[in-house]
file structure24.pdb (PDB, C-alpha atoms and all ligand atoms)
ATOM      1  CA  MET K   1      57.321  28.290  32.134
ATOM      2  CA  ALA K   2      54.524  26.614  30.321
ATOM      3  CA  GLY K   3      52.397  24.218  32.249
ATOM      4  CA  PHE K   4      50.668  21.952  29.779
ATOM      5  CA  THR K   5      47.021  21.008  29.768
ATOM      6  CA  ILE K   6      46.763  17.275  30.305
ATOM      7  CA  ARG K   7      44.773  15.567  27.570
ATOM      8  CA  THR K   8      41.969  13.378  28.806
ATOM      9  CA  TYR K   9      40.027  10.320  27.742
ATOM     10  CA  GLY K  10      38.397  10.815  24.356
ATOM     11  CA  ASP K  11      41.272  12.884  22.953
ATOM     12  CA  PRO K  12      42.547  10.977  19.896
ATOM     13  CA  VAL K  13      46.163  11.865  20.682
ATOM     14  CA  LEU K  14      46.002   9.355  23.545
ATOM     15  CA  ARG K  15      45.215   6.530  21.115
ATOM     16  CA  GLN K  16      48.149   6.978  18.752
ATOM     17  CA  ARG K  17      51.533   5.353  18.857
ATOM     18  CA  ALA K  18      54.196   7.963  19.568
ATOM     19  CA  ARG K  19      57.374   8.200  17.488
ATOM     20  CA  ASP K  20      60.940   7.722  18.638
ATOM     21  CA  VAL K  21      62.891  10.810  19.662
ATOM     22  CA  GLU K  22      65.649  11.306  17.061
ATOM     23  CA  ASP K  23      67.805  13.917  18.804
ATOM     24  CA  ILE K  24      67.893  14.859  22.443
ATOM     25  CA  ASP K  25      68.264  18.574  21.830
ATOM     26  CA  GLY K  26      67.328  21.683  23.769
ATOM     27  CA  ARG K  27      63.700  21.402  22.761
ATOM     28  CA  ILE K  28      63.452  17.894  24.150
ATOM     29  CA  LYS K  29      65.044  19.025  27.415
ATOM     30  CA  GLN K  30      62.628  21.933  27.634
ATOM     31  CA  LEU K  31      59.765  19.562  26.926
ATOM     32  CA  ALA K  32      60.935  17.302  29.768
ATOM     33  CA  ASP K  33      61.084  20.308  32.129
ATOM     34  CA  ASP K  34      57.592  21.417  31.180
ATOM     35  CA  MET K  35      56.237  17.882  31.480
ATOM     36  CA  ALA K  36      57.716  17.530  34.967
ATOM     37  CA  GLU K  37      56.147  20.832  36.006
ATOM     38  CA  THR K  38      52.800  19.656  34.653
ATOM     39  CA  MET K  39      53.145  16.315  36.453
ATOM     40  CA  TYR K  40      53.875  17.953  39.825
ATOM     41  CA  ALA K  41      51.052  20.449  39.398
ATOM     42  CA  ALA K  42      48.506  17.723  38.616
ATOM     43  CA  PRO K  43      49.689  16.145  41.003
ATOM     44  CA  GLY K  44      50.875  12.838  39.668
ATOM     45  CA  VAL K  45      53.943  10.605  39.711
ATOM     46  CA  GLY K  46      54.347   9.941  36.001
ATOM     47  CA  LEU K  47      53.485  11.661  32.734
ATOM     48  CA  ALA K  48      54.043  10.604  29.134
ATOM     49  CA  ALA K  49      54.472  13.055  26.261
ATOM     50  CA  PRO K  50      51.227  12.070  24.469
ATOM     51  CA  GLN K  51      49.349  13.149  27.605
ATOM     52  CA  VAL K  52      50.354  16.710  26.781
ATOM     53  CA  GLY K  53      49.675  16.246  23.070
ATOM     54  CA  VAL K  54      53.259  15.539  21.988
ATOM     55  CA  GLN K  55      53.726  12.361  19.953
ATOM     56  CA  LYS K  56      57.214  11.497  21.144
ATOM     57  CA  ARG K  57      58.398   8.425  23.007
ATOM     58  CA  MET K  58      59.418   9.897  26.339
ATOM     59  CA  PHE K  59      58.039  10.158  29.835
ATOM     60  CA  VAL K  60      58.877  11.780  33.153
ATOM     61  CA  TYR K  61      58.337  10.329  36.607
ATOM     62  CA  ASP K  62      59.100  10.912  40.246
ATOM     63  CA  VAL K  63      58.263   8.149  42.685
ATOM     64  CA  GLY K  64      59.170  10.321  45.637
ATOM     65  CA  HIS K  65      62.683   9.335  46.665
ATOM     66  CA  GLY K  66      63.748  12.945  46.747
ATOM     67  CA  GLU K  67      65.842  12.660  43.609
ATOM     68  CA  GLY K  68      63.669  14.971  41.549
ATOM     69  CA  PRO K  69      62.089  14.196  38.213
ATOM     70  CA  ARG K  70      63.580  11.574  35.898
ATOM     71  CA  THR K  71      63.136  11.425  32.155
ATOM     72  CA  ILE K  72      63.325   8.307  30.006
ATOM     73  CA  VAL K  73      63.573   8.763  26.252
ATOM     74  CA  ASN K  74      62.697   5.945  23.810
ATOM     75  CA  PRO K  75      61.945   3.457  26.593
ATOM     76  CA  VAL K  76      61.586  -0.252  25.892
ATOM     77  CA  LEU K  77      60.327  -2.896  28.298
ATOM     78  CA  ALA K  78      62.886  -5.608  27.760
ATOM     79  CA  GLU K  79      61.542  -8.142  30.217
ATOM     80  CA  ALA K  80      58.602  -8.683  32.551
ATOM     81  CA  ARG K  81      58.076 -11.164  35.382
ATOM     82  CA  GLY K  82      55.503 -12.106  37.974
ATOM     83  CA  GLU K  83      52.144 -10.595  38.768
ATOM     84  CA  TRP K  84      51.105  -7.702  41.011
ATOM     85  CA  THR K  85      47.812  -5.981  41.675
ATOM     86  CA  PHE K  86      47.823  -2.250  42.234
ATOM     87  CA  GLU K  87      45.141   0.431  42.471
ATOM     88  CA  GLU K  88      46.065   2.336  39.344
ATOM     89  CA  GLY K  89      44.848   5.700  38.160
ATOM     90  CA  CYS K  90      45.711   7.923  35.221
ATOM     91  CA  LEU K  91      45.945  11.691  34.917
ATOM     92  CA  SER K  92      44.166  11.341  31.572
ATOM     93  CA  VAL K  93      41.238   9.491  33.162
ATOM     94  CA  PRO K  94      40.763  11.810  36.143
ATOM     95  CA  GLY K  95      38.977  10.755  39.282
ATOM     96  CA  LEU K  96      38.946   7.025  38.595
ATOM     97  CA  SER K  97      41.183   4.138  39.556
ATOM     98  CA  TRP K  98      41.024   0.373  39.470
ATOM     99  CA  PRO K  99      42.963  -2.535  40.899
ATOM    100  CA  ILE K 100      44.862  -3.722  37.845
ATOM    101  CA  VAL K 101      47.018  -6.825  37.502
ATOM    102  CA  ARG K 102      50.278  -6.452  35.623
ATOM    103  CA  PRO K 103      53.767  -7.966  35.800
ATOM    104  CA  LYS K 104      55.478  -7.259  39.120
ATOM    105  CA  GLU K 105      58.987  -6.725  37.797
ATOM    106  CA  VAL K 106      60.215  -5.239  34.559
ATOM    107  CA  HIS K 107      63.527  -4.431  32.967
ATOM    108  CA  LEU K 108      63.337  -1.075  31.242
ATOM    109  CA  VAL K 109      65.966   0.291  28.881
ATOM    110  CA  GLY K 110      66.066   3.709  27.292
ATOM    111  CA  VAL K 111      68.090   6.886  27.062
ATOM    112  CA  GLY K 112      68.449   9.743  29.538
ATOM    113  CA  LEU K 113      68.449  13.445  28.718
ATOM    114  CA  ASP K 114      72.257  13.316  28.803
ATOM    115  CA  GLY K 115      72.199  10.798  25.967
ATOM    116  CA  GLU K 116      73.475   7.990  28.184
ATOM    117  CA  GLU K 117      71.814   4.612  28.041
ATOM    118  CA  ILE K 118      69.542   3.816  30.975
ATOM    119  CA  SER K 119      68.848   0.302  32.203
ATOM    120  CA  VAL K 120      66.608  -0.167  35.242
ATOM    121  CA  GLU K 121      65.379  -3.294  36.991
ATOM    122  CA  ALA K 122      62.120  -2.138  38.547
ATOM    123  CA  ASP K 123      59.825  -3.833  41.030
ATOM    124  CA  GLU K 124      56.239  -3.210  42.142
ATOM    125  CA  PHE K 125      55.384   0.512  42.126
ATOM    126  CA  LEU K 126      58.230   1.690  39.884
ATOM    127  CA  ALA K 127      57.587  -1.243  37.549
ATOM    128  CA  ARG K 128      53.937  -0.195  37.452
ATOM    129  CA  VAL K 129      54.829   3.385  36.575
ATOM    130  CA  PHE K 130      57.080   2.214  33.745
ATOM    131  CA  GLN K 131      54.438  -0.106  32.286
ATOM    132  CA  HIS K 132      51.723   2.526  32.500
ATOM    133  CA  GLU K 133      53.851   5.179  30.788
ATOM    134  CA  VAL K 134      55.083   2.869  28.018
ATOM    135  CA  ASP K 135      51.432   1.982  27.395
ATOM    136  CA  HIS K 136      50.751   5.698  26.851
ATOM    137  CA  LEU K 137      53.503   5.783  24.223
ATOM    138  CA  ASP K 138      51.769   2.907  22.453
ATOM    139  CA  GLY K 139      48.385   4.632  22.560
ATOM    140  CA  VAL K 140      47.037   2.335  25.272
ATOM    141  CA  LEU K 141      45.018   3.652  28.233
ATOM    142  CA  LEU K 142      44.522   1.829  31.513
ATOM    143  CA  VAL K 143      40.870   1.169  30.682
ATOM    144  CA  GLU K 144      42.191  -1.400  28.216
ATOM    145  CA  ARG K 145      43.903  -3.224  31.087
ATOM    146  CA  LEU K 146      40.666  -3.745  33.024
ATOM    147  CA  ASP K 147      38.774  -6.998  33.367
ATOM    148  CA  ASP K 148      35.352  -7.283  31.722
ATOM    149  CA  ASP K 149      33.319  -6.114  34.722
ATOM    150  CA  GLN K 150      35.619  -3.183  35.402
ATOM    151  CA  ARG K 151      35.552  -2.176  31.755
ATOM    152  CA  ARG K 152      31.749  -2.195  31.596
ATOM    153  CA  GLU K 153      31.578   0.048  34.651
ATOM    154  CA  ALA K 154      34.299   2.330  33.298
ATOM    155  CA  LYS K 155      32.534   2.711  29.950
ATOM    156  CA  ARG K 156      29.313   3.643  31.713
ATOM    157  CA  ILE K 157      30.980   6.381  33.745
ATOM    158  CA  LEU K 158      33.047   7.710  30.866
ATOM    159  CA  ARG K 159      29.985   7.794  28.608
ATOM    160  CA  ALA K 160      28.101   9.823  31.217
ATOM    161  CA  ARG K 161      31.026  12.232  31.359
ATOM    162  CA  ALA K 162      31.048  12.618  27.586
ATOM    163  CA  LEU K 163      27.382  13.623  27.737
ATOM    164  CA  ASP K 164      28.240  16.218  30.369
ATOM    165  CA  LEU K 165      30.987  17.552  28.119
ATOM    166  CA  ARG K 166      28.500  18.103  25.337
ATOM    167  CA  ALA K 167      26.217  19.838  27.818
ATOM    168  CA  GLY K 168      28.963  22.341  28.593
ATOM    169  CA  ASP K 169      30.580  20.858  31.670
ATOM    170  CA  PRO K 170      34.229  21.673  30.974
ATOM    171  CA  ASP K 171      35.904  18.665  32.557
ATOM    172  CA  GLY K 172      33.082  16.177  32.500
ATOM    173  CA  LEU K 173      33.123  15.690  36.252
ATOM    174  CA  GLY K 174      29.854  17.501  36.868
ATOM    175  CA  SER K 175      27.683  14.436  37.049
ATOM    176  CA  LEU K 176      29.994  12.795  39.513
ATOM    177  CA  VAL K 177      30.755  15.370  42.146
ATOM    178  CA  PRO K 178      30.219  19.038  43.008
ATOM    179  CA  ALA K 179      32.995  21.326  41.819
ATOM    180  CA  GLY K 180      34.262  22.060  45.320
ATOM    181  CA  GLU K 181      34.911  18.387  46.014
ATOM    182  CA  ARG K 182      36.770  17.570  42.843
ATOM    183  CA  ARG K 183      40.137  17.299  44.451
ATOM    184  CA  ASP K 184      38.853  14.645  46.807
ATOM    185  CA  ALA K 185      37.040  12.926  44.007
ATOM    186  CA  ASP K 186      40.211  12.752  41.979
ATOM    187  CA  ALA K 187      41.959  10.794  44.645
ATOM    188  CA  ARG K 188      39.192   8.629  46.012
ATOM    189  CA  GLY K 189      36.595   8.237  43.317
ATOM    190  CA  ALA K 190      33.304  10.048  43.464
ATOM    191  CA  PRO K 191      30.586   9.120  45.956
ATOM    192  CA  GLY K 192      27.919   7.039  44.337
ATOM    193  CA  GLU K 193      30.171   6.229  41.415
ATOM    194  CA  ARG K 194      32.628   4.231  43.393
ATOM    195  CA  LEU K 195      33.987   1.275  41.517
ATOM    196  CA  SER K 196      34.210  -2.098  43.128
ATOM    197  CA  GLY K 197      37.939  -1.890  43.596
ATOM    198  CA  HIS K 198      38.056   1.400  45.428
ATOM    199  CA  SER K 199      37.455  -0.008  48.854
ATOM    200  CA  GLY K 200      38.695  -3.487  48.179
ATOM    201  CA  PRO K 201      39.916  -5.349  51.249
ATOM    202  CA  GLY K 202      43.615  -5.771  51.757
ATOM    203  CA  ASP K 203      44.678  -2.963  49.491
ATOM    204  CA  PRO K 204      46.935  -0.776  51.621
ATOM    205  CA  THR K 205      46.987   1.899  48.952
ATOM    206  CA  THR K 206      43.248   2.570  49.067
ATOM    207  CA  GLY K 207      42.366   5.888  50.590
ATOM    208  CA  ASP K 208      45.425   7.749  49.400
ATOM    209  CA  THR K 209      44.623  11.356  48.697
ATOM    210  CA  GLU K 210      47.929  12.718  47.400
ATOM    211  CA  GLY K 211      47.639  11.569  43.842
ATOM    212  CA  THR K 212      50.314   8.911  44.158
ATOM    213  CA  HIS K 213      48.297   6.503  42.008
ATOM    214  CA  ARG K 214      47.994   8.836  39.096
ATOM    215  CA  LEU K 215      50.315   8.086  36.246
TER     216      LEU K 215
HETATM  217 NI    NI W   1      48.287   7.695  32.597
END
call {"tool": "encode", "arguments": {"input": "structure24.pdb", "output": "structure tokens"}}
result
Amino acid sequence: MAGFTIRTYGDPVLRQRARDVEDIDGRIKQLADDMAETMYAAPGVGLAAPQVGVQKRMFVYDVGHGEGPRTIVNPVLAEARGEWTFEEGCLSVPGLSWPIVRPKEVHLVGVGLDGEEISVEADEFLARVFQHEVDHLDGVLLVERLDDDQRREAKRILRARALDLRAGDPDGLGSLVPAGERRDADARGAPGERLSGHSGPGDPTTGDTEGTHRL
């Protein structure tokens, strides 16, 4: 089984609009399997095909209800309502997360791997996963959903990482945290580089260390 390498910020594949899946054939099913494996290994709760370099409109997710991974092919957000703030991270922007405001409820339609139409009314966390993954299919990263202050801070950190990459640091995390602490840093944000939202009051999700925010 092939575990994919997850593409990260700066990779142009993350900025392109993915194309519809024409046929749900064996290759698409294999792709879904491999994406799910990659998502669990990360660990994360959602992964879109462009994050593994495949320009197809599909994503996998597992929000932890014990039902295993789900795949949605050619998803469309048909409706969105309300407003909800959630500490959101992305497997393609490792080690960082921000409280981001998005619609609280969405209606998502798409197709399952069995070719049957899927229609889901999602609220809060599941709605957030759906919106984040559909953004990936449109070439949009969560940094584009930040407010002005958050975006300035994000750009500063990501620029510093890019410099580290050029200096030979393979994942660009070197300036943020020692290698042995990367797993912690992924979940909590690196010491000294903590963004304002990381320890924001009243956010019950802050402090999670199991990667449940990473989409
Ligand atoms: Ni993501």
call {"tool": "atom_distance", "arguments": {"input": "structure24.pdb", "atom1": "CA of Arg17 (chain K)", "atom2": "CA of Phe130 (chain K)"}}
result
16.2 Å
call {"tool": "residues_near_ligand", "arguments": {"input": "structure24.pdb", "ligand": "ligand NI 1 (chain W)", "cutoff": "9 Å", "atoms": "only C-alpha atoms and all ligand atoms", "output": "ChimeraX atom specification"}}
result
/K:46-48,51,88-93,129,132-133,135-136,141-142,214-215
call {"tool": "closest_residue", "arguments": {"input": "structure24.pdb", "among": "K:Arg70, K:Arg19, K:Arg151, K:Arg81", "to": "Val45 (chain K)", "atoms": "all atoms listed in the file"}}
result
K:Arg70
call {"tool": "closest_residue", "arguments": {"input": "structure24.pdb", "among": "K:Glu79, K:Glu153, K:Asp23, K:Glu37", "to": "Glu121 (chain K)", "atoms": "all atoms listed in the file"}}
result
K:Glu79
call {"tool": "closest_residue", "arguments": {"input": "structure24.pdb", "among": "K:Asn74, K:Gln16, K:Gln131, K:Ser119", "to": "Arg102 (chain K)", "atoms": "all atoms listed in the file"}}
result
K:Gln131
call {"tool": "resolve_selection", "arguments": {"input": "structure24.pdb", "expression": "the PyMOL selection byres (((chain K and resi 113) around 8) and not hetatm)", "output": "VMD selection string"}}
result
chain K and resid 24 29 71 to 73 111 to 112 114 to 116
call {"tool": "decode", "arguments": {"input": "structure24.pdb", "residues": "region 134-167 of chain K", "atoms": "C-alpha atoms", "output": "PDB file, in the first residue's frame"}}
result
ATOM      1  CA  VAL K 134     -14.074  21.669  -0.781  1.00  0.00           C
ATOM      2  CA  ASP K 135     -11.790  24.699  -0.461  1.00  0.00           C
ATOM      3  CA  HIS K 136      -8.839  22.402  -1.227  1.00  0.00           C
ATOM      4  CA  LEU K 137     -10.596  21.261  -4.405  1.00  0.00           C
ATOM      5  CA  ASP K 138     -10.917  24.906  -5.420  1.00  0.00           C
ATOM      6  CA  GLY K 139      -7.249  25.618  -4.729  1.00  0.00           C
ATOM      7  CA  VAL K 140      -7.984  27.575  -1.554  1.00  0.00           C
ATOM      8  CA  LEU K 141      -5.928  27.126   1.631  1.00  0.00           C
ATOM      9  CA  LEU K 142      -7.072  28.076   5.112  1.00  0.00           C
ATOM     10  CA  VAL K 143      -4.619  30.982   5.207  1.00  0.00           C
ATOM     11  CA  GLU K 144      -6.997  32.696   2.792  1.00  0.00           C
ATOM     12  CA  ARG K 145      -9.778  32.400   5.376  1.00  0.00           C
ATOM     13  CA  LEU K 146      -7.856  34.323   8.042  1.00  0.00           C
ATOM     14  CA  ASP K 147      -8.528  37.872   9.149  1.00  0.00           C
ATOM     15  CA  ASP K 148      -5.924  40.537   8.364  1.00  0.00           C
ATOM     16  CA  ASP K 149      -3.955  40.201  11.607  1.00  0.00           C
ATOM     17  CA  GLN K 150      -3.910  36.418  11.432  1.00  0.00           C
ATOM     18  CA  ARG K 151      -2.819  36.515   7.809  1.00  0.00           C
ATOM     19  CA  ARG K 152       0.084  38.871   8.522  1.00  0.00           C
ATOM     20  CA  GLU K 153       1.313  36.575  11.280  1.00  0.00           C
ATOM     21  CA  ALA K 154       0.843  33.490   9.110  1.00  0.00           C
ATOM     22  CA  LYS K 155       2.797  35.027   6.230  1.00  0.00           C
ATOM     23  CA  ARG K 156       5.654  35.871   8.571  1.00  0.00           C
ATOM     24  CA  ILE K 157       5.910  32.314   9.868  1.00  0.00           C
ATOM     25  CA  LEU K 158       5.497  30.697   6.470  1.00  0.00           C
ATOM     26  CA  ARG K 159       8.130  33.000   4.972  1.00  0.00           C
ATOM     27  CA  ALA K 160      10.577  32.006   7.711  1.00  0.00           C
ATOM     28  CA  ARG K 161       9.870  28.364   6.928  1.00  0.00           C
ATOM     29  CA  ALA K 162      10.511  28.909   3.229  1.00  0.00           C
ATOM     30  CA  LEU K 163      13.930  30.331   4.102  1.00  0.00           C
ATOM     31  CA  ASP K 164      14.646  27.238   6.180  1.00  0.00           C
ATOM     32  CA  LEU K 165      13.649  25.062   3.236  1.00  0.00           C
ATOM     33  CA  ARG K 166      16.199  26.779   1.050  1.00  0.00           C
ATOM     34  CA  ALA K 167      18.776  26.281   3.787  1.00  0.00           C
TER      35      ALA K 167
END
